[in-house]
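> To start, I am sharing the structure in question, which I have written as structure tokens.
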Number of protein chains: 2
Amino acid sequence: MIAKLNEKILKTNAPIVVGLDPTLKLIPPHILEKAYKEYGKTLKACGEAVFEYNKGIIDAIYDIVPAVKPQIAMYEQFGIEGLIAYKKTVDYAHEKGLIVIADVKRGDIGSTSENYAKAHLGHVDVAGEKLAGFDADFATVNPYLGVDGIKPFIDVCKEEKKGIFILVKTSNKSSGEFQDRLIDGAPLYEHVARKVDEWGKDFMNGNYSYVGAVVGATYPEMGKALRKVMPHSVILVPGYGAQGGKGADLVHFFNEDHLGAIVNSSRGIIAAYQKEEYASFGEMNYADASRQAVIDMRENIKTALN
Amino acid sequence: MIAKLNEKILKTNAPIVVGLDPTLKLIPPHILEKAYKEYGKTLKACGEAVFEYNKGIIDAIYDIVPAVKPQIAMYEQFGIEGLIAYKKTVDYAHEKGLIVIADVKRGDIGSTSENYAKAHLGHVDVAGEKLAGFDADFATVNPYLGVDGIKPFIDVCKEEKKGIFILVKTSNKSSGEFQDRLIDGAPLYEHVARKVDEWGKDFMNGNYSYVGAVVGATYPEMGKALRKVMPHSVILVPGYGAQGGKGADLVHFFNEDHLGAIVNSSRGIIAAYQKEEYASFGEMNYADASRQAVIDMRENIKTALN
């Protein structure tokens, strides 16, 4: 799957993942109103609107990006109905040939992580039948519990040829509160990064490991240092756009082969129609605005890389 | 809700939470077979079996413990059908008067954590209607992202009068890999504990804060130290029983009022019927075995505390 991701990045010339993070404020009114009319002001209506919205975006961008990254919290907020929309989104993205990165940030003690890994990347064995819960291609994982919490994900990934991105340095303002604290002279995030490199070394395909990392675009200097600590890991880079990361900040996250990083943008793409820059598309054409925002982001990154 | 939890602990004389962590290996064969017969070897069958199993246990223990703690990973493994069983379990536990601690270990950047908080403890605003996704009473939260990831949970808790337990020192073997590393002479988990104390100080009811902590029974010496760092936090203590924690280890997690800690046991209670000690109950009476295991655990803790 890591080879497929790199292949698709090269083919689309877009090291971009579109964050499918739907909240009610981002969904165009005509989609919401249609759902409310059909299902009332219910969680079911929210789930239907979320999927409708996502479907429009996927249809508009599936041929120009390699992957989408649904943030599961945005679906969980609507309970079961939201998670049905999440599952439909994963499946529909697959139908359109997209790679799906499940942004779930799970992580627990071993026996529990094993079940999260099965849920999002693997299969459960039901009296001999192998059945999949959510069946994404990659998942994000939290390292706070140490290797016990990571190993079951790696085991499932080896079986399924899928991958993970471990949180190293997150894009948010307070990420430094614990992650930047110095341990033996190096920040905690660097210790985590060294483990990412170690855990991923024997699970490679070509130059890249199935064990990737999350490093926020909002911390480009740290990205530069971390690129060297984890030379074989693909870095999933959130924080571009709405959170403040810029094209020029991204350069150091990439290796010389122009691979090794995939940049996420969520609101900047899925709600492009709400931005002045793309307002002329209009709410009805929100998906076209998203496509244009992807094209502009691709140019922005290309310019920065050359 | 923290006052209610303490009240119920005093009333039942049981600082115990039953971990509802169903895996197929723990569910008695007659329940599984019935579900397979009705729904085939499907995820739906798993969900039905899980709820049936949980219902039996809840019916057997609801009057002698204050709370249950479903570990959501065990439900997520079965996809949507598993989460339907999770939701039914939360609702049924509430019907029987139990407090529900959602063991979800969520945590993300601010805007995302806000949605997790709404999902598990709060409500979403759907065109003026306040609707709840999963509606538990407490949730476990991961601190790796710093205060940004915690604050939205606290905000929702203030609105809903609910609480959280932040991972401080987890019960697993490799928890020390990052959590024990020294920062300015104190382990990372102690820095997290200090923040737990700080974040919880202005959100109290009586002597206790709505912001609790998770500290594993498997690390009693650390529990002793952490008890002092967070005098007002209730400590959720996993790792008793199957993971190796013993009654005597628990003493130091409590305050002098015999409050301040609630001890989780999962497999040790829900699958008591599989243990030699309780085998005489038989598979059909698995729930009675669970009840006896709770009574024995209560005695074990009482003896240790006196």
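Letters A, B, ... mark the chains of the structure tokens in the order given; residue numbers begin at 1 per chain; ligand numbers begin at 1, in order shown.
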Considering only helix (DSSP H, G or I) as DSSP defines it on the backbone, what residues of segment 19-206 of chain A qualify? List them as a PyMOL selection string.
chain A and resi 29-39+43-61+73-76+79-95+110-120+147-160+173-179+188-200
> Select residues of chain B: the criterion is any atom within 6 Å of an atom of chain A, counting only C-alpha atoms; output as a PyMOL selection string.
chain B and resi 73-74+76-79+109+115-116+118-119+133-134+145-146+148+172+174-175+177+183
> For the selection just defined, write its residues with N, CA and C atoms to a file, as a compact mmCIF listing (two decimals), in the first residue's frame.

# COMPACT_ATOMS: atom_id res chain seq x y z
N ALA B 73 -12.99 -0.04 21.61
CA ALA B 73 -12.26 -0.81 20.60
C ALA B 73 -12.89 -2.18 20.38
N MET B 74 -13.39 -2.77 21.48
CA MET B 74 -13.94 -4.11 21.38
C MET B 74 -15.24 -4.12 20.57
N GLU B 76 -15.78 -1.42 18.14
CA GLU B 76 -15.35 -0.92 16.82
C GLU B 76 -14.86 -2.05 15.92
N GLN B 77 -14.28 -3.08 16.53
CA GLN B 77 -13.77 -4.20 15.70
C GLN B 77 -14.88 -4.80 14.84
N PHE B 78 -16.13 -4.68 15.26
CA PHE B 78 -17.24 -5.22 14.47
C PHE B 78 -17.90 -4.13 13.61
N GLY B 79 -17.22 -3.02 13.42
CA GLY B 79 -17.74 -1.96 12.56
C GLY B 79 -19.05 -1.38 13.11
N ILE B 109 -6.30 17.54 17.90
CA ILE B 109 -6.20 19.00 17.94
C ILE B 109 -7.56 19.54 18.38
N ASN B 115 -15.22 17.69 18.65
CA ASN B 115 -16.20 16.77 18.08
C ASN B 115 -16.22 15.42 18.79
N TYR B 116 -15.04 14.96 19.22
CA TYR B 116 -15.02 13.74 20.03
C TYR B 116 -15.78 13.96 21.34
N LYS B 118 -18.20 16.09 21.95
CA LYS B 118 -19.64 16.10 21.63
C LYS B 118 -20.13 14.68 21.42
N ALA B 119 -19.36 13.89 20.67
CA ALA B 119 -19.78 12.52 20.32
C ALA B 119 -20.03 11.68 21.56
N GLY B 133 -24.87 11.76 20.44
CA GLY B 133 -24.36 10.61 19.70
C GLY B 133 -24.32 9.37 20.58
N PHE B 134 -23.43 9.38 21.59
CA PHE B 134 -23.28 8.19 22.42
C PHE B 134 -23.61 8.42 23.90
N LEU B 145 -1.40 15.51 22.86
CA LEU B 145 -1.48 16.76 22.09
C LEU B 145 -1.53 18.02 22.95
N GLY B 146 -1.46 17.84 24.28
CA GLY B 146 -1.45 19.00 25.17
C GLY B 146 -2.84 19.56 25.40
N ASP B 148 -4.72 21.83 24.16
CA ASP B 148 -5.67 21.99 23.04
C ASP B 148 -6.60 20.80 22.89
N ASN B 172 0.00 -0.88 30.92
CA ASN B 172 0.72 -1.85 30.08
C ASN B 172 2.22 -1.87 30.34
N SER B 174 4.84 -1.64 28.33
CA SER B 174 5.70 -0.65 27.67
C SER B 174 5.29 0.78 27.97
N SER B 175 4.44 0.98 28.97
CA SER B 175 3.98 2.35 29.23
C SER B 175 5.15 3.27 29.58
N GLU B 177 7.97 3.42 28.17
CA GLU B 177 8.81 3.76 27.02
C GLU B 177 8.91 5.28 26.82
N ILE B 183 12.02 14.33 32.53
CA ILE B 183 12.04 15.70 32.02
C ILE B 183 12.25 16.61 33.23
> Please identify which residues in segment 65-279 of chain B DSSP calls strand (DSSP E or B) from the backbone, and express them as a VMD selection string.
chain B and resid 67 to 71 99 to 106 124 to 126 129 to 131 138 to 141 163 to 169 182 to 183 186 to 187 204 to 205 208 to 209 211 to 215 235 to 237 240 245 261 to 265
> Using only C-alpha atoms, find the one residue out of B:Gly260, B:Gly206, B:Pro29, B:Gly19 that sits nearest to Ile235 of chain B.
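Closest candidate: B:Gly260.
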> Using only C-alpha atoms, which of the listed residues (B:Ala271, B:Met1, B:Pro15, B:Ser280) sits closest to Ile64 of chain B?
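Under the stated criterion, the closest residue is B:Pro15.
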> Here's a check: after a least-squares fit over all in-order C-alpha atoms, write chain A in the frame of chain B, as an mmCIF file with C-alpha atoms, in the first residue's frame.

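This is the output file selection.cif:
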data_model
loop_
_atom_site.group_PDB
_atom_site.id
_atom_site.type_symbol
_atom_site.label_atom_id
_atom_site.label_comp_id
_atom_site.auth_asym_id
_atom_site.auth_seq_id
_atom_site.Cartn_x
_atom_site.Cartn_y
_atom_site.Cartn_z
ATOM 1 C CA MET A 1 -21.551 13.444 37.906
ATOM 2 C CA ILE A 2 -18.370 13.183 39.993
ATOM 3 C CA ALA A 3 -20.476 13.644 43.148
ATOM 4 C CA LYS A 4 -22.881 10.992 41.869
ATOM 5 C CA LEU A 5 -19.975 8.628 41.222
ATOM 6 C CA ASN A 6 -18.640 9.100 44.752
ATOM 7 C CA GLU A 7 -22.129 8.703 46.218
ATOM 8 C CA LYS A 8 -22.638 5.444 44.362
ATOM 9 C CA ILE A 9 -19.189 4.203 45.408
ATOM 10 C CA LEU A 10 -20.078 4.848 49.059
ATOM 11 C CA LYS A 11 -23.548 3.326 48.698
ATOM 12 C CA THR A 12 -22.336 0.123 47.052
ATOM 13 C CA ASN A 13 -19.186 0.084 49.161
ATOM 14 C CA ALA A 14 -17.490 -0.878 45.908
ATOM 15 C CA PRO A 15 -14.945 1.439 44.259
ATOM 16 C CA ILE A 16 -15.264 -0.845 41.280
ATOM 17 C CA VAL A 17 -16.004 -0.369 37.619
ATOM 18 C CA VAL A 18 -16.776 -3.382 35.481
ATOM 19 C CA GLY A 19 -14.992 -3.259 32.138
ATOM 20 C CA LEU A 20 -17.421 -4.370 29.453
ATOM 21 C CA ASP A 21 -14.782 -5.447 26.938
ATOM 22 C CA PRO A 22 -16.439 -8.200 24.927
ATOM 23 C CA THR A 23 -14.399 -10.243 22.485
ATOM 24 C CA LEU A 24 -15.731 -13.347 20.768
ATOM 25 C CA LYS A 25 -13.487 -15.554 22.893
ATOM 26 C CA LEU A 26 -15.142 -14.341 26.069
ATOM 27 C CA ILE A 27 -18.779 -14.681 25.003
ATOM 28 C CA PRO A 28 -20.370 -17.966 26.116
ATOM 29 C CA PRO A 29 -20.952 -20.352 23.192
ATOM 30 C CA HIS A 30 -24.725 -20.552 23.656
ATOM 31 C CA ILE A 31 -25.047 -16.808 23.077
ATOM 32 C CA LEU A 32 -22.802 -16.862 20.009
ATOM 33 C CA GLU A 33 -24.529 -19.876 18.501
ATOM 34 C CA LYS A 34 -27.944 -18.331 18.933
ATOM 35 C CA ALA A 35 -26.764 -15.179 17.155
ATOM 36 C CA TYR A 36 -25.084 -17.129 14.320
ATOM 37 C CA LYS A 37 -28.259 -19.154 13.878
ATOM 38 C CA GLU A 38 -30.361 -16.027 13.574
ATOM 39 C CA TYR A 39 -28.003 -13.769 11.583
ATOM 40 C CA GLY A 40 -25.410 -16.069 10.066
ATOM 41 C CA LYS A 41 -21.675 -15.580 10.553
ATOM 42 C CA THR A 42 -21.982 -11.815 10.203
ATOM 43 C CA LEU A 43 -20.966 -8.648 12.006
ATOM 44 C CA LYS A 44 -24.643 -8.208 12.855
ATOM 45 C CA ALA A 45 -24.547 -11.549 14.689
ATOM 46 C CA CYS A 46 -21.464 -10.363 16.595
ATOM 47 C CA GLY A 47 -23.176 -7.134 17.597
ATOM 48 C CA GLU A 48 -26.260 -8.988 18.780
ATOM 49 C CA ALA A 49 -24.183 -11.501 20.746
ATOM 50 C CA VAL A 50 -22.120 -8.732 22.324
ATOM 51 C CA PHE A 51 -25.206 -6.890 23.541
ATOM 52 C CA GLU A 52 -26.893 -10.056 24.791
ATOM 53 C CA TYR A 53 -23.729 -10.949 26.724
ATOM 54 C CA ASN A 54 -23.411 -7.447 28.197
ATOM 55 C CA LYS A 55 -27.082 -7.332 29.122
ATOM 56 C CA GLY A 56 -26.708 -10.520 31.140
ATOM 57 C CA ILE A 57 -23.739 -9.083 33.002
ATOM 58 C CA ILE A 58 -25.390 -5.712 33.618
ATOM 59 C CA ASP A 59 -28.506 -7.432 34.986
ATOM 60 C CA ALA A 60 -26.319 -9.424 37.360
ATOM 61 C CA ILE A 61 -24.164 -6.572 38.705
ATOM 62 C CA TYR A 62 -26.034 -3.270 38.382
ATOM 63 C CA ASP A 63 -27.039 -3.175 42.058
ATOM 64 C CA ILE A 64 -23.578 -3.860 43.480
ATOM 65 C CA VAL A 65 -21.273 -1.585 41.450
ATOM 66 C CA PRO A 66 -21.483 2.116 40.646
ATOM 67 C CA ALA A 67 -20.284 2.018 37.053
ATOM 68 C CA VAL A 68 -19.369 0.122 33.921
ATOM 69 C CA LYS A 69 -16.621 0.958 31.444
ATOM 70 C CA PRO A 70 -17.130 -0.287 27.908
ATOM 71 C CA GLN A 71 -13.847 -0.259 25.954
ATOM 72 C CA ILE A 72 -15.005 0.983 22.576
ATOM 73 C CA ALA A 73 -12.256 -0.805 20.602
ATOM 74 C CA MET A 74 -13.941 -4.119 21.387
ATOM 75 C CA TYR A 75 -17.071 -2.806 19.662
ATOM 76 C CA GLU A 76 -15.344 -0.926 16.828
ATOM 77 C CA GLN A 77 -13.781 -4.194 15.712
ATOM 78 C CA PHE A 78 -17.233 -5.212 14.480
ATOM 79 C CA GLY A 79 -17.751 -1.958 12.583
ATOM 80 C CA ILE A 80 -21.158 -0.299 12.588
ATOM 81 C CA GLU A 81 -22.849 -3.361 14.081
ATOM 82 C CA GLY A 82 -20.402 -3.351 16.960
ATOM 83 C CA LEU A 83 -20.996 0.329 17.599
ATOM 84 C CA ILE A 84 -24.746 -0.240 17.628
ATOM 85 C CA ALA A 85 -24.106 -2.814 20.370
ATOM 86 C CA TYR A 86 -21.915 -0.238 22.149
ATOM 87 C CA LYS A 87 -24.686 2.355 22.054
ATOM 88 C CA LYS A 88 -27.287 -0.164 23.242
ATOM 89 C CA THR A 89 -24.937 -1.126 26.081
ATOM 90 C CA VAL A 90 -24.493 2.499 27.187
ATOM 91 C CA ASP A 91 -28.246 3.046 27.091
ATOM 92 C CA TYR A 92 -29.073 -0.166 28.896
ATOM 93 C CA ALA A 93 -26.523 0.531 31.623
ATOM 94 C CA HIS A 94 -28.135 3.944 32.103
ATOM 95 C CA GLU A 95 -31.574 2.353 32.316
ATOM 96 C CA LYS A 96 -30.283 0.209 35.146
ATOM 97 C CA GLY A 97 -28.922 3.271 36.941
ATOM 98 C CA LEU A 98 -25.237 2.673 36.227
ATOM 99 C CA ILE A 99 -22.692 5.373 35.486
ATOM 100 C CA VAL A 100 -20.961 4.797 32.150
ATOM 101 C CA ILE A 101 -17.286 5.522 31.608
ATOM 102 C CA ALA A 102 -16.578 5.482 27.875
ATOM 103 C CA ASP A 103 -13.080 4.089 27.490
ATOM 104 C CA VAL A 104 -12.349 5.774 24.185
ATOM 105 C CA LYS A 105 -8.907 7.310 24.776
ATOM 106 C CA ARG A 106 -9.641 10.001 22.224
ATOM 107 C CA GLY A 107 -7.518 13.104 21.816
ATOM 108 C CA ASP A 108 -6.710 15.352 18.879
ATOM 109 C CA ILE A 109 -6.193 18.993 17.939
ATOM 110 C CA GLY A 110 -8.760 21.375 19.418
ATOM 111 C CA SER A 111 -11.406 21.487 16.707
ATOM 112 C CA THR A 112 -11.305 17.712 16.417
ATOM 113 C CA SER A 113 -11.325 16.994 20.137
ATOM 114 C CA GLU A 114 -14.392 19.205 20.341
ATOM 115 C CA ASN A 115 -16.205 16.771 18.076
ATOM 116 C CA TYR A 116 -15.017 13.732 20.022
ATOM 117 C CA ALA A 117 -16.250 15.424 23.205
ATOM 118 C CA LYS A 118 -19.638 16.090 21.639
ATOM 119 C CA ALA A 119 -19.780 12.522 20.313
ATOM 120 C CA HIS A 120 -19.168 10.782 23.609
ATOM 121 C CA LEU A 121 -20.289 13.210 26.315
ATOM 122 C CA GLY A 122 -22.194 16.050 24.716
ATOM 123 C CA HIS A 123 -24.643 17.025 22.043
ATOM 124 C CA VAL A 124 -24.530 18.312 18.499
ATOM 125 C CA ASP A 125 -26.702 21.218 17.524
ATOM 126 C CA VAL A 126 -28.764 20.146 14.510
ATOM 127 C CA ALA A 127 -30.585 23.279 13.389
ATOM 128 C CA GLY A 128 -31.558 24.041 16.967
ATOM 129 C CA GLU A 129 -32.146 20.465 18.112
ATOM 130 C CA LYS A 130 -29.636 19.173 20.670
ATOM 131 C CA LEU A 131 -28.938 15.555 19.824
ATOM 132 C CA ALA A 132 -26.567 13.101 21.507
ATOM 133 C CA GLY A 133 -24.363 10.621 19.709
ATOM 134 C CA PHE A 134 -23.275 8.185 22.411
ATOM 135 C CA ASP A 135 -24.017 10.053 25.656
ATOM 136 C CA ALA A 136 -21.755 8.421 28.231
ATOM 137 C CA ASP A 137 -20.991 10.064 31.602
ATOM 138 C CA PHE A 138 -17.203 10.035 31.569
ATOM 139 C CA ALA A 139 -14.621 9.502 28.843
ATOM 140 C CA THR A 140 -10.933 8.637 28.871
ATOM 141 C CA VAL A 141 -8.688 11.096 27.019
ATOM 142 C CA ASN A 142 -5.116 10.945 25.674
ATOM 143 C CA PRO A 143 -2.863 13.894 26.641
ATOM 144 C CA TYR A 144 -0.173 13.675 23.920
ATOM 145 C CA LEU A 145 -1.470 16.759 22.078
ATOM 146 C CA GLY A 146 -1.445 18.987 25.155
ATOM 147 C CA VAL A 147 -4.114 21.298 26.481
ATOM 148 C CA ASP A 148 -5.655 21.987 23.035
ATOM 149 C CA GLY A 149 -6.802 18.389 22.947
ATOM 150 C CA ILE A 150 -8.091 18.424 26.531
ATOM 151 C CA LYS A 151 -9.788 21.802 26.823
ATOM 152 C CA PRO A 152 -12.725 21.002 24.487
ATOM 153 C CA PHE A 153 -13.509 17.936 26.610
ATOM 154 C CA ILE A 154 -13.470 20.071 29.755
ATOM 155 C CA ASP A 155 -15.728 22.653 28.105
ATOM 156 C CA VAL A 156 -18.277 20.013 27.146
ATOM 157 C CA CYS A 157 -18.019 18.466 30.619
ATOM 158 C CA LYS A 158 -18.756 21.829 32.244
ATOM 159 C CA GLU A 159 -21.870 22.181 30.142
ATOM 160 C CA GLU A 160 -23.036 18.638 30.726
ATOM 161 C CA LYS A 161 -21.704 18.149 34.273
ATOM 162 C CA LYS A 162 -19.718 15.166 33.113
ATOM 163 C CA GLY A 163 -16.074 14.224 33.554
ATOM 164 C CA ILE A 164 -12.911 12.849 31.985
ATOM 165 C CA PHE A 165 -10.030 10.623 32.968
ATOM 166 C CA ILE A 166 -6.748 11.649 31.368
ATOM 167 C CA LEU A 167 -4.133 8.970 30.676
ATOM 168 C CA VAL A 168 -1.249 9.581 33.058
ATOM 169 C CA LYS A 169 0.507 6.251 33.618
ATOM 170 C CA THR A 170 -1.040 3.376 31.723
ATOM 171 C CA SER A 171 -1.135 -0.199 32.975
ATOM 172 C CA ASN A 172 0.710 -1.851 30.084
ATOM 173 C CA LYS A 173 4.255 -3.175 30.124
ATOM 174 C CA SER A 174 5.706 -0.665 27.681
ATOM 175 C CA SER A 175 3.983 2.352 29.233
ATOM 176 C CA GLY A 176 7.360 3.485 30.499
ATOM 177 C CA GLU A 177 8.818 3.761 27.014
ATOM 178 C CA PHE A 178 7.804 7.414 26.834
ATOM 179 C CA GLN A 179 5.804 8.002 30.029
ATOM 180 C CA ASP A 180 8.696 7.232 32.392
ATOM 181 C CA ARG A 181 11.309 9.332 30.595
ATOM 182 C CA LEU A 182 12.719 12.068 32.802
ATOM 183 C CA ILE A 183 12.061 15.702 32.019
ATOM 184 C CA ASP A 184 13.685 18.182 34.408
ATOM 185 C CA GLY A 185 14.141 15.365 36.867
ATOM 186 C CA ALA A 186 10.561 14.106 36.861
ATOM 187 C CA PRO A 187 9.000 11.462 34.625
ATOM 188 C CA LEU A 188 6.709 12.581 31.809
ATOM 189 C CA TYR A 189 3.716 10.973 33.541
ATOM 190 C CA GLU A 190 4.281 13.231 36.539
ATOM 191 C CA HIS A 191 4.283 16.292 34.298
ATOM 192 C CA VAL A 192 1.008 15.098 32.833
ATOM 193 C CA ALA A 193 -0.323 14.504 36.358
ATOM 194 C CA ARG A 194 0.563 18.057 37.386
ATOM 195 C CA LYS A 195 -1.409 19.327 34.410
ATOM 196 C CA VAL A 196 -4.343 17.096 35.339
ATOM 197 C CA ASP A 197 -4.299 18.709 38.771
ATOM 198 C CA GLU A 198 -4.035 22.207 37.282
ATOM 199 C CA TRP A 199 -6.775 21.647 34.671
ATOM 200 C CA GLY A 200 -9.115 20.168 37.253
ATOM 201 C CA LYS A 201 -8.672 22.694 40.059
ATOM 202 C CA ASP A 202 -11.376 25.097 38.948
ATOM 203 C CA PHE A 203 -13.832 22.356 38.078
ATOM 204 C CA MET A 204 -14.642 20.665 41.348
ATOM 205 C CA ASN A 205 -17.641 19.342 43.200
ATOM 206 C CA GLY A 206 -16.913 18.992 46.905
ATOM 207 C CA ASN A 207 -13.434 17.559 47.339
ATOM 208 C CA TYR A 208 -13.202 16.089 43.883
ATOM 209 C CA SER A 209 -12.545 17.375 40.421
ATOM 210 C CA TYR A 210 -14.318 16.467 37.229
ATOM 211 C CA VAL A 211 -10.870 15.925 35.723
ATOM 212 C CA GLY A 212 -9.596 12.511 36.749
ATOM 213 C CA ALA A 213 -6.618 10.413 35.738
ATOM 214 C CA VAL A 214 -5.809 6.914 34.589
ATOM 215 C CA VAL A 215 -3.007 5.200 36.523
ATOM 216 C CA GLY A 216 -2.433 1.455 36.159
ATOM 217 C CA ALA A 217 -2.758 -0.884 39.155
ATOM 218 C CA THR A 218 0.374 -2.541 37.817
ATOM 219 C CA TYR A 219 2.461 0.424 39.020
ATOM 220 C CA PRO A 220 1.506 0.813 42.707
ATOM 221 C CA GLU A 221 4.568 2.842 43.708
ATOM 222 C CA MET A 222 3.839 5.367 41.011
ATOM 223 C CA GLY A 223 0.206 5.352 42.076
ATOM 224 C CA LYS A 224 1.315 6.332 45.570
ATOM 225 C CA ALA A 225 3.333 9.279 44.273
ATOM 226 C CA LEU A 226 0.659 10.350 41.808
ATOM 227 C CA ARG A 227 -2.060 10.264 44.486
ATOM 228 C CA LYS A 228 -0.215 13.186 46.119
ATOM 229 C CA VAL A 229 0.343 15.091 42.879
ATOM 230 C CA MET A 230 -3.379 15.031 42.050
ATOM 231 C CA PRO A 231 -5.126 15.064 45.455
ATOM 232 C CA HIS A 232 -8.487 16.093 43.988
ATOM 233 C CA SER A 233 -8.597 13.785 41.004
ATOM 234 C CA VAL A 234 -10.372 10.471 40.979
ATOM 235 C CA ILE A 235 -7.951 7.882 39.674
ATOM 236 C CA LEU A 236 -9.357 5.289 37.325
ATOM 237 C CA VAL A 237 -7.212 2.231 37.964
ATOM 238 C CA PRO A 238 -7.054 -0.411 35.233
ATOM 239 C CA GLY A 239 -4.858 -3.482 35.349
ATOM 240 C CA TYR A 240 -6.392 -5.246 38.340
ATOM 241 C CA GLY A 241 -6.790 -9.001 37.903
ATOM 242 C CA ALA A 242 -5.989 -10.256 34.412
ATOM 243 C CA GLN A 243 -3.156 -7.736 33.985
ATOM 244 C CA GLY A 244 -1.624 -8.638 37.353
ATOM 245 C CA GLY A 245 -2.662 -5.881 39.790
ATOM 246 C CA LYS A 246 -3.633 -7.103 43.297
ATOM 247 C CA GLY A 247 -5.816 -5.741 46.097
ATOM 248 C CA ALA A 248 -2.865 -4.788 48.278
ATOM 249 C CA ASP A 249 -1.423 -2.769 45.382
ATOM 250 C CA LEU A 250 -4.484 -0.575 45.330
ATOM 251 C CA VAL A 251 -4.309 0.962 48.786
ATOM 252 C CA HIS A 252 -2.157 3.914 47.805
ATOM 253 C CA PHE A 253 -4.439 4.966 44.986
ATOM 254 C CA PHE A 254 -7.110 5.961 47.510
ATOM 255 C CA ASN A 255 -7.362 9.028 49.699
ATOM 256 C CA GLU A 256 -7.987 8.765 53.435
ATOM 257 C CA ASP A 257 -11.730 9.146 52.865
ATOM 258 C CA HIS A 258 -11.553 5.835 50.981
ATOM 259 C CA LEU A 259 -12.538 7.727 47.851
ATOM 260 C CA GLY A 260 -10.420 9.066 45.010
ATOM 261 C CA ALA A 261 -9.993 5.821 43.126
ATOM 262 C CA ILE A 262 -12.156 3.465 41.134
ATOM 263 C CA VAL A 263 -10.681 0.146 40.129
ATOM 264 C CA ASN A 264 -11.501 -1.491 36.819
ATOM 265 C CA SER A 265 -11.658 -5.176 36.171
ATOM 266 C CA SER A 266 -12.696 -6.463 32.769
ATOM 267 C CA ARG A 267 -11.908 -10.064 31.857
ATOM 268 C CA GLY A 268 -11.636 -10.998 35.551
ATOM 269 C CA ILE A 269 -15.319 -10.214 35.946
ATOM 270 C CA ILE A 270 -17.018 -10.553 32.587
ATOM 271 C CA ALA A 271 -15.291 -13.846 31.809
ATOM 272 C CA ALA A 272 -15.127 -15.116 35.386
ATOM 273 C CA TYR A 273 -16.968 -18.252 34.252
ATOM 274 C CA GLN A 274 -13.854 -19.211 32.234
ATOM 275 C CA LYS A 275 -11.667 -19.181 35.352
ATOM 276 C CA GLU A 276 -11.194 -22.314 37.415
ATOM 277 C CA GLU A 277 -12.334 -20.439 40.496
ATOM 278 C CA TYR A 278 -15.786 -19.827 39.079
ATOM 279 C CA ALA A 279 -16.075 -22.734 36.647
ATOM 280 C CA SER A 280 -18.735 -24.421 38.746
ATOM 281 C CA PHE A 281 -21.232 -21.738 37.690
ATOM 282 C CA GLY A 282 -21.099 -23.103 34.147
ATOM 283 C CA GLU A 283 -21.281 -21.207 30.873
ATOM 284 C CA MET A 284 -25.045 -20.796 31.049
ATOM 285 C CA ASN A 285 -24.693 -18.969 34.357
ATOM 286 C CA TYR A 286 -21.813 -16.763 33.269
ATOM 287 C CA ALA A 287 -23.551 -13.686 34.685
ATOM 288 C CA ASP A 288 -23.834 -15.228 38.150
ATOM 289 C CA ALA A 289 -20.123 -15.973 37.986
ATOM 290 C CA SER A 290 -19.556 -12.296 37.150
ATOM 291 C CA ARG A 291 -21.605 -11.232 40.150
ATOM 292 C CA GLN A 292 -19.620 -13.502 42.432
ATOM 293 C CA ALA A 293 -16.362 -12.154 40.986
ATOM 294 C CA VAL A 294 -17.500 -8.600 41.788
ATOM 295 C CA ILE A 295 -18.374 -9.610 45.361
ATOM 296 C CA ASP A 296 -14.961 -11.230 45.785
ATOM 297 C CA MET A 297 -13.193 -8.210 44.302
ATOM 298 C CA ARG A 298 -15.119 -5.920 46.655
ATOM 299 C CA GLU A 299 -13.981 -8.009 49.606
ATOM 300 C CA ASN A 300 -10.423 -8.033 48.340
ATOM 301 C CA ILE A 301 -10.338 -4.234 48.128
ATOM 302 C CA LYS A 302 -12.142 -3.769 51.443
ATOM 303 C CA THR A 303 -9.643 -6.013 53.195
ATOM 304 C CA ALA A 304 -6.755 -4.138 51.641
ATOM 305 C CA LEU A 305 -8.197 -0.748 52.622
ATOM 306 C CA ASN A 306 -8.810 -1.727 56.263
#
